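Chemist: Sharing final.txt, compact mmCIF, C-alpha atoms and all ligand atoms:
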```
# COMPACT_ATOMS: atom_id res chain seq x y z
CA MET A 33 -28.82 -10.46 -88.83
CA SER A 34 -30.60 -7.13 -89.12
CA GLU A 35 -29.58 -4.27 -91.40
CA VAL A 36 -28.49 -2.13 -88.44
CA GLN A 37 -26.49 -4.96 -86.88
CA GLU A 38 -24.76 -5.66 -90.18
CA LYS A 39 -22.40 -2.70 -89.58
CA LYS A 40 -20.87 -4.50 -86.61
CA LYS A 41 -18.02 -6.95 -87.17
CA ILE A 42 -19.02 -10.59 -87.46
CA ILE A 43 -17.62 -12.99 -84.88
CA LEU A 44 -18.17 -16.74 -85.06
CA SER A 45 -17.60 -19.45 -82.51
CA GLY A 46 -18.66 -23.05 -81.99
CA ILE A 47 -18.69 -25.67 -79.30
CA GLN A 48 -18.87 -29.45 -79.62
CA PRO A 49 -21.69 -31.31 -77.84
CA THR A 50 -19.31 -34.08 -76.78
CA GLY A 51 -20.42 -33.99 -73.15
CA VAL A 52 -21.87 -31.62 -70.59
CA PHE A 53 -19.93 -28.36 -70.81
CA THR A 54 -17.24 -27.89 -68.21
CA LEU A 55 -16.19 -24.94 -66.11
CA GLY A 56 -13.32 -24.68 -68.66
CA ASN A 57 -15.76 -24.30 -71.56
CA TYR A 58 -17.69 -21.75 -69.50
CA ILE A 59 -14.73 -19.57 -68.53
CA GLY A 60 -12.83 -20.06 -71.80
CA ALA A 61 -15.76 -19.68 -74.19
CA LEU A 62 -19.39 -19.30 -73.06
CA LYS A 63 -18.86 -16.46 -70.58
CA ASN A 64 -17.14 -14.48 -73.33
CA TRP A 65 -19.86 -15.32 -75.88
CA VAL A 66 -22.37 -13.48 -73.71
CA LYS A 67 -20.17 -10.37 -73.54
CA LEU A 68 -19.26 -10.45 -77.24
CA GLN A 69 -22.86 -10.45 -78.43
CA GLU A 70 -23.15 -6.82 -77.27
CA ASP A 71 -20.33 -5.51 -79.45
CA TYR A 72 -20.38 -7.87 -82.41
CA ASN A 73 -22.72 -9.51 -84.83
CA ALA A 74 -22.24 -12.91 -83.22
CA ALA A 75 -22.88 -16.36 -84.67
CA TYR A 76 -22.73 -19.29 -82.24
CA MET A 77 -23.14 -22.89 -83.23
CA ILE A 78 -23.37 -26.28 -81.61
CA ALA A 79 -20.75 -28.12 -83.67
CA ASP A 80 -22.46 -31.51 -83.78
CA MET A 81 -20.90 -32.47 -87.13
CA HIS A 82 -17.41 -32.02 -85.71
CA SER A 83 -18.21 -34.27 -82.77
CA LEU A 84 -18.62 -37.27 -85.13
CA THR A 85 -14.86 -37.39 -85.70
CA VAL A 86 -14.88 -39.34 -82.44
CA ARG A 87 -17.35 -42.23 -82.15
CA GLN A 88 -20.56 -41.10 -80.39
CA ASP A 89 -23.53 -43.00 -79.06
CA PRO A 90 -26.50 -41.70 -81.19
CA ALA A 91 -29.09 -41.55 -78.37
CA LYS A 92 -26.62 -39.83 -76.08
CA LEU A 93 -25.49 -37.42 -78.79
CA ARG A 94 -29.10 -36.42 -79.54
CA GLN A 95 -29.65 -35.59 -75.89
CA GLN A 96 -26.28 -33.80 -75.59
CA ILE A 97 -27.01 -31.56 -78.59
CA LEU A 98 -30.29 -30.35 -77.11
CA SER A 99 -28.72 -29.97 -73.69
CA ALA A 100 -25.80 -28.03 -75.20
CA PHE A 101 -28.19 -25.67 -76.98
CA ALA A 102 -30.08 -25.10 -73.71
CA VAL A 103 -26.83 -24.45 -71.81
CA VAL A 104 -25.76 -21.82 -74.33
CA LEU A 105 -29.07 -19.98 -73.81
CA ALA A 106 -28.90 -20.55 -70.04
CA CYS A 107 -25.50 -18.83 -69.93
CA GLY A 108 -27.09 -15.70 -71.39
CA VAL A 109 -26.68 -15.99 -75.16
CA ASP A 110 -29.75 -14.23 -76.53
CA PRO A 111 -31.07 -15.95 -79.70
CA ASN A 112 -32.70 -12.67 -80.74
CA LYS A 113 -29.36 -10.90 -80.62
CA SER A 114 -27.00 -13.64 -81.81
CA LEU A 115 -27.34 -16.17 -84.57
CA THR A 116 -27.63 -19.34 -82.49
CA PHE A 117 -27.92 -22.63 -84.33
CA ILE A 118 -27.06 -26.30 -84.63
CA GLN A 119 -24.44 -26.95 -87.33
CA SER A 120 -26.09 -30.00 -88.95
CA HIS A 121 -29.31 -27.99 -89.44
CA VAL A 122 -27.51 -25.82 -91.97
CA HIS A 123 -26.64 -28.09 -94.89
CA GLN A 124 -24.38 -25.45 -96.47
CA HIS A 125 -21.62 -26.37 -93.96
CA ALA A 126 -21.20 -29.85 -95.44
CA GLU A 127 -21.46 -28.52 -99.00
CA LEU A 128 -18.87 -25.78 -98.63
CA SER A 129 -16.66 -28.17 -96.71
CA TRP A 130 -16.42 -30.38 -99.81
CA ILE A 131 -15.43 -27.49 -102.06
CA LEU A 132 -12.84 -26.36 -99.53
CA SER A 133 -11.47 -29.91 -99.14
CA CYS A 134 -10.74 -29.80 -102.86
CA ASN A 135 -8.81 -26.60 -102.24
CA THR A 136 -6.81 -27.88 -99.27
CA GLN A 137 -3.59 -29.81 -99.69
CA PHE A 138 -2.96 -33.18 -98.09
CA GLY A 139 0.36 -31.83 -96.78
CA GLU A 140 -1.39 -28.95 -95.04
CA LEU A 141 -3.82 -31.25 -93.22
CA ASN A 142 -1.02 -33.63 -92.39
CA ARG A 143 0.78 -30.90 -90.47
CA MET A 144 -2.12 -30.28 -88.05
CA THR A 145 -0.98 -31.13 -84.55
CA GLN A 146 -4.53 -31.75 -83.32
CA PHE A 147 -4.90 -34.51 -85.92
CA LYS A 148 -1.75 -36.13 -84.61
CA ASP A 149 -2.90 -35.80 -80.98
CA LYS A 150 -6.42 -37.06 -81.63
CA SER A 151 -5.15 -39.95 -83.80
CA ALA A 152 -2.90 -41.03 -80.98
CA LYS A 153 -5.85 -40.88 -78.55
CA ASN A 154 -8.23 -42.76 -80.90
CA ALA A 155 -5.87 -45.21 -82.55
CA ASP A 156 -8.75 -47.58 -83.39
CA ASN A 157 -10.72 -44.91 -85.28
CA ILE A 158 -8.44 -42.64 -87.31
CA ASN A 159 -11.17 -41.68 -89.75
CA ALA A 160 -11.03 -39.36 -92.77
CA GLY A 161 -13.26 -36.83 -90.97
CA LEU A 162 -10.66 -36.43 -88.26
CA PHE A 163 -8.16 -35.61 -90.99
CA THR A 164 -10.36 -33.20 -92.97
CA TYR A 165 -11.86 -31.56 -89.84
CA PRO A 166 -10.03 -28.25 -90.61
CA SER A 167 -11.83 -27.96 -94.00
CA LEU A 168 -15.19 -28.21 -92.23
CA MET A 169 -14.02 -25.66 -89.69
CA ALA A 170 -12.97 -23.37 -92.54
CA ALA A 171 -16.45 -23.77 -94.06
CA ASP A 172 -18.09 -22.91 -90.71
CA ILE A 173 -16.16 -19.66 -90.58
CA LEU A 174 -16.10 -18.61 -94.24
CA LEU A 175 -19.83 -19.22 -94.84
CA TYR A 176 -20.64 -16.36 -92.46
CA GLN A 177 -17.88 -14.07 -93.78
CA ALA A 178 -16.64 -13.85 -90.19
CA ASP A 179 -14.21 -11.04 -89.41
CA LEU A 180 -13.12 -12.59 -86.14
CA VAL A 181 -12.87 -16.02 -84.56
CA PRO A 182 -12.04 -16.43 -80.85
CA VAL A 183 -9.22 -18.95 -80.64
CA GLY A 184 -7.48 -20.80 -77.90
CA ALA A 185 -3.97 -22.12 -78.44
CA ASP A 186 -5.29 -25.45 -79.77
CA GLN A 187 -7.28 -23.83 -82.59
CA LYS A 188 -4.64 -21.33 -83.74
CA GLN A 189 -3.20 -23.65 -86.37
CA HIS A 190 -6.67 -24.42 -87.77
CA LEU A 191 -7.52 -20.74 -88.10
CA GLU A 192 -4.21 -20.14 -89.87
CA LEU A 193 -5.18 -22.86 -92.33
CA THR A 194 -8.63 -21.29 -92.80
CA ARG A 195 -6.92 -18.04 -93.70
CA ASP A 196 -4.65 -19.83 -96.18
CA ILE A 197 -7.61 -21.63 -97.79
CA ALA A 198 -9.62 -18.39 -98.05
CA THR A 199 -6.71 -16.47 -99.56
CA ARG A 200 -5.95 -19.26 -102.04
CA PHE A 201 -9.61 -19.45 -103.11
CA ASN A 202 -9.84 -15.66 -103.48
CA ASN A 203 -6.69 -15.62 -105.63
CA LEU A 204 -7.91 -18.44 -107.84
CA TYR A 205 -11.55 -17.45 -108.29
CA GLY A 206 -11.74 -13.77 -107.38
CA ASN A 207 -12.70 -12.19 -104.09
CA THR A 208 -15.21 -14.47 -102.36
CA PHE A 209 -14.35 -14.86 -98.69
CA LYS A 210 -13.50 -12.47 -95.90
CA VAL A 211 -10.13 -13.61 -94.50
CA PRO A 212 -10.81 -13.96 -90.74
CA GLU A 213 -8.59 -12.68 -87.96
CA PRO A 214 -8.03 -14.42 -84.63
CA TYR A 215 -9.75 -12.80 -81.66
CA ILE A 216 -7.83 -13.09 -78.43
CA PRO A 217 -10.25 -12.59 -75.49
CA LYS A 218 -9.21 -9.94 -72.95
CA VAL A 219 -9.96 -12.26 -70.07
CA GLY A 220 -9.70 -15.93 -70.79
CA ALA A 221 -7.97 -18.37 -68.57
CA ARG A 222 -7.06 -21.89 -69.60
CA ILE A 223 -8.65 -24.04 -66.91
CA MET A 224 -6.78 -27.19 -66.03
CA SER A 225 -7.94 -30.63 -64.93
CA LEU A 226 -8.55 -30.96 -61.19
CA SER A 227 -6.87 -34.36 -61.10
CA ASP A 228 -3.91 -33.46 -63.31
CA PRO A 229 -3.21 -29.72 -63.44
CA ASN A 230 -0.84 -30.17 -66.39
CA LYS A 231 -3.73 -31.26 -68.59
CA LYS A 232 -6.55 -29.06 -69.87
CA MET A 233 -9.95 -29.57 -68.22
CA SER A 234 -11.94 -31.53 -70.84
CA LYS A 235 -15.58 -32.59 -71.00
CA SER A 236 -14.69 -35.95 -72.53
CA ASP A 237 -12.16 -36.86 -69.82
CA GLU A 238 -12.92 -40.32 -68.46
CA ASN A 239 -12.21 -39.22 -64.90
CA GLN A 240 -15.37 -37.45 -63.68
CA ASN A 241 -13.44 -35.86 -60.82
CA SER A 242 -11.11 -34.07 -63.24
CA PHE A 243 -13.78 -31.62 -64.37
CA ILE A 244 -16.66 -29.54 -63.05
CA THR A 245 -19.65 -29.38 -65.35
CA ILE A 246 -21.79 -26.27 -65.58
CA LEU A 247 -24.72 -28.38 -64.39
CA ASP A 248 -23.10 -30.10 -61.40
CA LYS A 249 -25.04 -29.70 -58.14
CA PRO A 250 -23.38 -27.41 -55.51
CA GLU A 251 -22.49 -30.34 -53.23
CA VAL A 252 -20.84 -32.17 -56.15
CA ILE A 253 -18.86 -29.07 -57.11
CA ILE A 254 -17.64 -28.59 -53.53
CA LYS A 255 -16.70 -32.29 -53.25
CA LYS A 256 -14.75 -32.25 -56.52
CA PHE A 257 -12.78 -29.16 -55.47
CA LYS A 258 -11.98 -30.77 -52.12
CA ARG A 259 -10.37 -33.63 -54.04
CA ALA A 260 -8.41 -31.38 -56.40
CA VAL A 261 -4.73 -32.26 -56.72
CA THR A 262 -2.46 -29.58 -55.22
CA ASP A 263 1.08 -29.87 -53.80
CA SER A 264 2.87 -30.63 -50.56
CA ASP A 265 3.51 -26.97 -49.82
CA MET A 266 0.97 -25.26 -47.52
CA GLU A 267 0.81 -21.76 -48.93
CA VAL A 268 -1.96 -20.37 -51.13
CA ARG A 269 0.40 -18.55 -53.46
CA TYR A 270 0.63 -18.17 -57.25
CA ALA A 271 4.05 -19.49 -58.17
CA GLU A 272 5.90 -21.63 -60.67
CA GLY A 273 5.63 -25.34 -59.92
CA LYS A 274 2.35 -24.92 -57.99
CA ASP A 275 0.16 -25.84 -60.97
CA GLY A 276 -2.78 -27.17 -58.95
CA ILE A 277 -2.97 -24.10 -56.68
CA ASN A 278 -2.38 -21.76 -59.64
CA ASN A 279 -5.35 -23.35 -61.39
CA LEU A 280 -7.59 -23.00 -58.33
CA MET A 281 -6.47 -19.39 -57.87
CA SER A 282 -7.21 -18.62 -61.49
CA ILE A 283 -10.72 -20.13 -61.19
CA TYR A 284 -11.37 -18.33 -57.89
CA SER A 285 -10.17 -15.05 -59.37
CA VAL A 286 -12.51 -15.35 -62.39
CA VAL A 287 -15.61 -16.14 -60.32
CA THR A 288 -15.00 -13.64 -57.50
CA GLY A 289 -13.21 -10.87 -59.40
CA LEU A 290 -10.45 -10.86 -56.74
CA SER A 291 -6.82 -10.33 -57.74
CA TYR A 292 -4.19 -13.00 -56.98
CA GLU A 293 -2.65 -10.61 -54.48
CA GLN A 294 -5.94 -10.26 -52.60
CA ILE A 295 -6.52 -14.03 -52.65
CA GLU A 296 -3.04 -14.66 -51.22
CA LYS A 297 -3.76 -12.10 -48.47
CA ASP A 298 -7.18 -13.55 -47.63
CA PHE A 299 -5.78 -17.08 -47.27
CA GLN A 300 -2.43 -16.18 -45.70
CA SER A 301 -2.97 -18.04 -42.45
CA LYS A 302 -5.34 -20.68 -43.80
CA GLY A 303 -4.65 -24.11 -45.25
CA TYR A 304 -5.48 -25.69 -48.59
CA GLY A 305 -8.64 -27.24 -47.13
CA ASP A 306 -10.19 -23.85 -46.41
CA PHE A 307 -9.13 -22.52 -49.79
CA LYS A 308 -10.57 -25.49 -51.71
CA THR A 309 -13.89 -25.13 -49.85
CA ALA A 310 -13.98 -21.41 -50.65
CA VAL A 311 -13.31 -22.08 -54.35
CA GLY A 312 -15.99 -24.79 -54.45
CA GLU A 313 -18.58 -22.58 -52.79
CA ALA A 314 -17.77 -19.58 -55.00
CA VAL A 315 -18.00 -21.66 -58.19
CA ALA A 316 -21.26 -23.29 -57.08
CA GLU A 317 -22.74 -19.85 -56.38
CA HIS A 318 -21.42 -18.39 -59.65
CA LEU A 319 -23.01 -21.19 -61.67
CA ARG A 320 -26.32 -21.12 -59.75
CA PRO A 321 -28.19 -18.80 -62.15
CA VAL A 322 -26.98 -20.79 -65.18
CA ARG A 323 -28.14 -24.04 -63.58
CA GLU A 324 -31.51 -22.57 -62.69
CA ASN A 325 -32.01 -21.12 -66.18
CA TYR A 326 -31.03 -24.46 -67.66
CA GLU A 327 -33.59 -26.38 -65.60
CA ARG A 328 -36.32 -24.02 -66.78
CA LEU A 329 -35.21 -24.17 -70.43
CA ILE A 330 -34.70 -27.93 -70.72
CA ALA A 331 -38.23 -28.45 -69.41
CA ASP A 332 -39.56 -26.28 -72.25
CA LYS A 333 -38.74 -28.34 -75.34
CA ALA A 334 -41.18 -26.37 -77.50
CA TYR A 335 -39.33 -23.11 -76.81
CA LEU A 336 -35.95 -24.72 -77.52
CA GLU A 337 -37.26 -26.12 -80.79
CA GLN A 338 -38.63 -22.75 -81.78
CA CYS A 339 -35.21 -21.15 -81.08
CA TYR A 340 -33.09 -23.68 -82.95
CA LYS A 341 -35.45 -23.78 -85.92
CA LEU A 342 -35.43 -20.01 -86.23
CA GLY A 343 -31.63 -20.03 -85.80
CA ALA A 344 -31.26 -22.62 -88.56
CA GLU A 345 -33.46 -20.65 -90.92
CA LYS A 346 -31.56 -17.41 -90.38
CA ALA A 347 -28.16 -19.12 -90.56
CA SER A 348 -29.15 -20.99 -93.70
CA ASN A 349 -30.27 -17.78 -95.44
CA PHE A 350 -26.98 -16.13 -94.61
CA ALA A 351 -24.85 -19.17 -95.50
CA ASN A 352 -26.66 -19.65 -98.78
CA ARG A 353 -25.55 -16.26 -100.04
CA THR A 354 -21.92 -17.34 -99.68
CA LEU A 355 -22.45 -20.86 -101.03
CA THR A 356 -24.32 -19.62 -104.11
CA LYS A 357 -21.43 -17.28 -104.85
CA VAL A 358 -18.92 -20.12 -104.38
CA TYR A 359 -20.86 -22.54 -106.64
CA LYS A 360 -20.95 -19.91 -109.35
CA LYS A 361 -17.24 -19.14 -109.00
CA VAL A 362 -16.14 -22.77 -109.26
CA GLY A 363 -18.24 -23.27 -112.38
CA PHE A 364 -21.37 -25.11 -111.23
CA ILE A 365 -24.60 -24.44 -113.15
CA ALA A 366 -27.34 -22.70 -111.13
CA LYS A 367 -30.55 -24.76 -110.60
N1 LIG A 401 -10.06 -26.14 -70.07
C1 LIG A 401 -10.44 -25.11 -70.82
N2 LIG A 401 -10.12 -23.87 -70.43
C2 LIG A 401 -10.50 -22.79 -71.18
N3 LIG A 401 -11.21 -22.90 -72.33
C3 LIG A 401 -11.56 -24.13 -72.73
N4 LIG A 401 -12.26 -24.60 -73.81
C4 LIG A 401 -12.34 -25.94 -73.75
N5 LIG A 401 -11.70 -26.39 -72.66
C5 LIG A 401 -11.19 -25.30 -72.01
C6 LIG A 401 -12.84 -23.74 -74.84
O1 LIG A 401 -14.19 -24.16 -75.06
C7 LIG A 401 -14.53 -23.94 -76.43
C8 LIG A 401 -15.23 -25.13 -76.99
O2 LIG A 401 -14.41 -26.22 -77.07
P1 LIG A 401 -14.87 -27.50 -77.90
O3 LIG A 401 -16.02 -28.13 -77.27
O4 LIG A 401 -15.06 -27.14 -79.32
O5 LIG A 401 -13.67 -28.46 -77.84
P2 LIG A 401 -12.47 -28.56 -76.90
O6 LIG A 401 -11.65 -27.32 -76.87
O7 LIG A 401 -11.76 -29.81 -77.33
O8 LIG A 401 -13.17 -28.73 -75.49
P3 LIG A 401 -13.13 -29.98 -74.55
O9 LIG A 401 -13.99 -29.69 -73.37
O10 LIG A 401 -11.71 -30.38 -74.27
O11 LIG A 401 -13.85 -31.06 -75.45
P4 LIG A 401 -13.42 -32.53 -75.80
O12 LIG A 401 -13.20 -33.19 -74.46
O13 LIG A 401 -14.60 -33.09 -76.54
O14 LIG A 401 -12.19 -32.45 -76.65
C9 LIG A 401 -13.25 -23.57 -77.15
O15 LIG A 401 -13.27 -22.17 -77.35
C10 LIG A 401 -12.17 -23.95 -76.18
O16 LIG A 401 -11.01 -23.13 -76.31
```
I need this file expressed as structure tokens, please.

Modeler:
Amino acid sequence: MSEVQEKKKIILSGIQPTGVFTLGNYIGALKNWVKLQEDYNAAYMIADMHSLTVRQDPAKLRQQILSAFAVVLACGVDPNKSLTFIQSHVHQHAELSWILSCNTQFGELNRMTQFKDKSAKNADNINAGLFTYPSLMAADILLYQADLVPVGADQKQHLELTRDIATRFNNLYGNTFKVPEPYIPKVGARIMSLSDPNKKMSKSDENQNSFITILDKPEVIIKKFKRAVTDSDMEVRYAEGKDGINNLMSIYSVVTGLSYEQIEKDFQSKGYGDFKTAVGEAVAEHLRPVRENYERLIADKAYLEQCYKLGAEKASNFANRTLTKVYKKVGFIAK
């Protein structure tokens, strides 16, 4: 981060390479990342270490990490403007995570609802990493002295814990960490599954028809929207109990910029079939530039490598300042 940029507030966000990013990840995170890099000193990471809390196939994970990095750039994140890196390339994350684990209480981790949810989903692999995940997340944030962290509802509790850990550490050892604030994006819809609109759209969902990936071909996108679960009513109208239609309207509104009122007017005398086709076509068109950028980037492995190596070097320099301070504070001897 340059001297001039350093005056801006620091914002940090990460995304797990647990699959190809969905339209939900795009609308809820990546689209905002691009906007935020103008006003903030942004740090964006591919959270590959976090993805190990669920069993991954190594060959697939390797490919997903690179693909995820390329998608982030394809969406418009500029590695010259934002610190863009792969978490495991910056060893300070694991190191600070250990120190923070020793400053986090078992009871605090045991209260995390995501741990309970994920344990229920992965009953055959309730590993210690799944339990201590929030300490690693705290390290991710505190290493960069982030002022702000964009959070969806599911990460609110973890950010609260990060704040508690930072405050506790500062009280015990003297001021070390910036205590981060949540950043609530101005526009940020929660995109729901196309096959079950009561469930969040997720990249690791087993049902391929439940999500749109950023890289799906236009004909696939249109087909998936045609299959989207709606209701037995016939009206394109945003209303309670019409979760499927509400979800499609929210997606359509984000990609076209049209208000719900305008959408209802435009589809007044048309059926769900026409509406679903319109949503599919609009999404396919909206994602076209990202898909085209991605195809260009993923074919240029040398450029990607250059970007993630430079990102790792810059991130590591920054993170090391914090870690050195922490090691000194807790009483370790400098090498
Ligand atoms: N459906 C969604 N709508 C809006 N925002 C979403 N995000 C995820 N799904 C939606 C946002 O994407 C960012 C990165 O999320 P993540 O990869 O760290 O993990 P996640 O939230 O658990 O995303 P997935 O797709 O559901 O991953 P899996 O299937 O691996 O658990 C976050 O900012 C998140 O809010």

Chemist: As a quick test: using all atoms listed in the file, which residues lie no more than 8 Å away from ligand LIG 401 (chain A)? Give them as a PyMOL selection string.

Modeler: chain A and resi 45-51+53-62+79+83+182-187+220-225+232-237

Chemist: Quick check, in Å to one decimal: how far apart do CA of Ala126 in chain A and CA of Ser114 in chain A lie?

Modeler: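 Distance reported for this atom pair: 22.0 Å.
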
Chemist: Taking all atoms listed in the file into account, which of A:Asn157, A:Tyr176, A:Pro166, A:Ile330 comes nearest Gln88 in chain A?

Modeler: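 Of the candidates, the smallest distance to Gln88 in chain A is held by A:Asn157.
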
Chemist: Of the candidates A:Ser167, A:Asn154, A:Ser285, A:Asn112, which shows the shortest atom-to-atom distance to Ser133 in chain A, using only C-alpha atoms?

Modeler: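 Among the listed residues, A:Ser167 lies closest to Ser133 in chain A.
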
Chemist: Once you count only C-alpha atoms, which residues end up no further than 7 Å from (-26.5, -23.1, -93.9) in the file's frame, shown as an MDAnalysis selection string?

Modeler: chainID A and resid 122:125 347:349 351:352

Chemist: Which residue, A:Leu290, A:Ala171, A:Val268, A:Leu93, has the smallest gap to Thr354 in chain A when you use all atoms listed in the file?

Modeler: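 That would be A:Ala171, the residue with the smallest distance to Thr354 in chain A.
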
Chemist: Pick out the closest residue to Gly206 in chain A from this set: A:Lys92, A:Gly289, A:Val362, A:Val315. Count all atoms listed in the file.

Modeler: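 For Gly206 in chain A, the nearest of the given residues is A:Val362.
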
Chemist: Give me, as a PDB file with C-alpha atoms, in the frame of the given file, all polymer residues having an atom no more than 10 Å from Thr262 in chain A, counting all atoms listed in the file and skipping those fewer than 5 positions away in the same chain.

Modeler:
```
ATOM      1  CA  LEU A 226      -8.550 -30.960 -61.190  1.00  0.00           C
ATOM      2  CA  SER A 227      -6.870 -34.360 -61.100  1.00  0.00           C
ATOM      3  CA  ASP A 228      -3.910 -33.460 -63.310  1.00  0.00           C
ATOM      4  CA  PRO A 229      -3.210 -29.720 -63.440  1.00  0.00           C
ATOM      5  CA  LYS A 274       2.350 -24.920 -57.990  1.00  0.00           C
ATOM      6  CA  ASP A 275       0.160 -25.840 -60.970  1.00  0.00           C
ATOM      7  CA  GLY A 276      -2.780 -27.170 -58.950  1.00  0.00           C
ATOM      8  CA  ILE A 277      -2.970 -24.100 -56.680  1.00  0.00           C
ATOM      9  CA  ASN A 278      -2.380 -21.760 -59.640  1.00  0.00           C
ATOM     10  CA  ASN A 279      -5.350 -23.350 -61.390  1.00  0.00           C
ATOM     11  CA  LEU A 280      -7.590 -23.000 -58.330  1.00  0.00           C
ATOM     12  CA  TYR A 304      -5.480 -25.690 -48.590  1.00  0.00           C
ATOM     13  CA  LYS A 308     -10.570 -25.490 -51.710  1.00  0.00           C
TER      14      LYS A 308
END
```

Chemist: Identify, on the basis of only C-alpha atoms, every residue whose closest approach to Asn135 in chain A does not exceed 8 Å; exclude the query and any residue fewer than 2 positions from it along the same chain; express the result as a list of chain:residue names.

Modeler: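 The filter keeps A:Ile131, A:Leu132, A:Ser133, A:Gln137, A:Ile197, A:Arg200, A:Phe201.
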
Chemist: Would you pick out the contacts of range 244-256 of chain A at 7 Å or less, using only C-alpha atoms, so that residues sharing its chain but fewer than 5 positions from it are not included, and give the list as a list of chain:residue names?

Modeler: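 Answer for this query is A:Val52, A:Phe53, A:Thr54, A:Leu55, A:Thr309, A:Gly312, A:Glu313, A:Ala316, A:Leu319, A:Arg323.
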
Chemist: Figure out the distance between CA of Leu329 in chain A and CA of Lys341 in chain A, please, to one decimal in Å.

Modeler: 15.5 Å

Chemist: Compile the contact shell of Lys113 in chain A as a tab-separated table (two decimals) with C-alpha atoms, in the frame of the given file: residues with an atom at most 9 Å away, counting all atoms listed in the file, same-chain residues fewer than 4 positions apart removed.

Modeler:
```tsv
chain	number	residue	atom	x	y	z
A	33	MET	CA	-28.82	-10.46	-88.83
A	69	GLN	CA	-22.86	-10.45	-78.43
A	70	GLU	CA	-23.15	-6.82	-77.27
A	73	ASN	CA	-22.72	-9.51	-84.83
A	74	ALA	CA	-22.24	-12.91	-83.22
A	109	VAL	CA	-26.68	-15.99	-75.16
```

Chemist: Using CA of Phe257 in chain A and CA of Gly305 in chain A as the two end points, give the distance in Å to one decimal.

Modeler: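 So the answer is 9.5 Å.
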
Chemist: Please list, as a PDB file with C-alpha atoms, keeping the file's coordinate frame, the residues that have an atom at most 10 Å away from (-6.7, -32.3, -85.0) in the coordinates of this file, counting only C-alpha atoms.

Modeler:
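See part.pdb below for the written result:
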```pdb
ATOM      1  CA  THR A  85     -14.860 -37.390 -85.700  1.00  0.00           C
ATOM      2  CA  LEU A 141      -3.820 -31.250 -93.220  1.00  0.00           C
ATOM      3  CA  ASN A 142      -1.020 -33.630 -92.390  1.00  0.00           C
ATOM      4  CA  ARG A 143       0.780 -30.900 -90.470  1.00  0.00           C
ATOM      5  CA  MET A 144      -2.120 -30.280 -88.050  1.00  0.00           C
ATOM      6  CA  THR A 145      -0.980 -31.130 -84.550  1.00  0.00           C
ATOM      7  CA  GLN A 146      -4.530 -31.750 -83.320  1.00  0.00           C
ATOM      8  CA  PHE A 147      -4.900 -34.510 -85.920  1.00  0.00           C
ATOM      9  CA  LYS A 148      -1.750 -36.130 -84.610  1.00  0.00           C
ATOM     10  CA  ASP A 149      -2.900 -35.800 -80.980  1.00  0.00           C
ATOM     11  CA  LYS A 150      -6.420 -37.060 -81.630  1.00  0.00           C
ATOM     12  CA  SER A 151      -5.150 -39.950 -83.800  1.00  0.00           C
ATOM     13  CA  GLY A 161     -13.260 -36.830 -90.970  1.00  0.00           C
ATOM     14  CA  LEU A 162     -10.660 -36.430 -88.260  1.00  0.00           C
ATOM     15  CA  PHE A 163      -8.160 -35.610 -90.990  1.00  0.00           C
ATOM     16  CA  THR A 164     -10.360 -33.200 -92.970  1.00  0.00           C
ATOM     17  CA  TYR A 165     -11.860 -31.560 -89.840  1.00  0.00           C
ATOM     18  CA  PRO A 166     -10.030 -28.250 -90.610  1.00  0.00           C
ATOM     19  CA  ASP A 186      -5.290 -25.450 -79.770  1.00  0.00           C
ATOM     20  CA  GLN A 187      -7.280 -23.830 -82.590  1.00  0.00           C
ATOM     21  CA  GLN A 189      -3.200 -23.650 -86.370  1.00  0.00           C
ATOM     22  CA  HIS A 190      -6.670 -24.420 -87.770  1.00  0.00           C
TER      23      HIS A 190
END
```

Chemist: In terms of the shortest atom-to-atom distance over all atoms listed in the file, which of A:Leu44, A:Met77, A:Leu175, A:Cys107 is closest to Phe350 in chain A?

Modeler: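 Answer, going by the shortest atom-to-atom distance: A:Leu175.
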
Chemist: Quick one: of A:Asp80, A:Leu174, A:Asp71, A:Ala102, who's nearest to Arg328 in chain A, counting all atoms listed in the file?

Modeler: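 Nearest to Arg328 in chain A: A:Ala102.
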
Chemist: Using all atoms listed in the file, determine which residues lie at most 12 Å from Tyr72 in chain A, disregarding the query and same-chain residues fewer than 2 positions distant; provide the list as a list in words.

Modeler: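 Those residues are Met33, Val36, Gln37, Glu38, Lys39, Lys40, Lys41, Ile42, Ile43, Leu44, Ser45, Asn64, Trp65, Val66, Lys67, Leu68, Gln69, Glu70, Ala74, Ala75, Tyr76, Lys113, Ser114, Leu115, Ala178, Asp179, Leu180, Val181 and Tyr215 of chain A.
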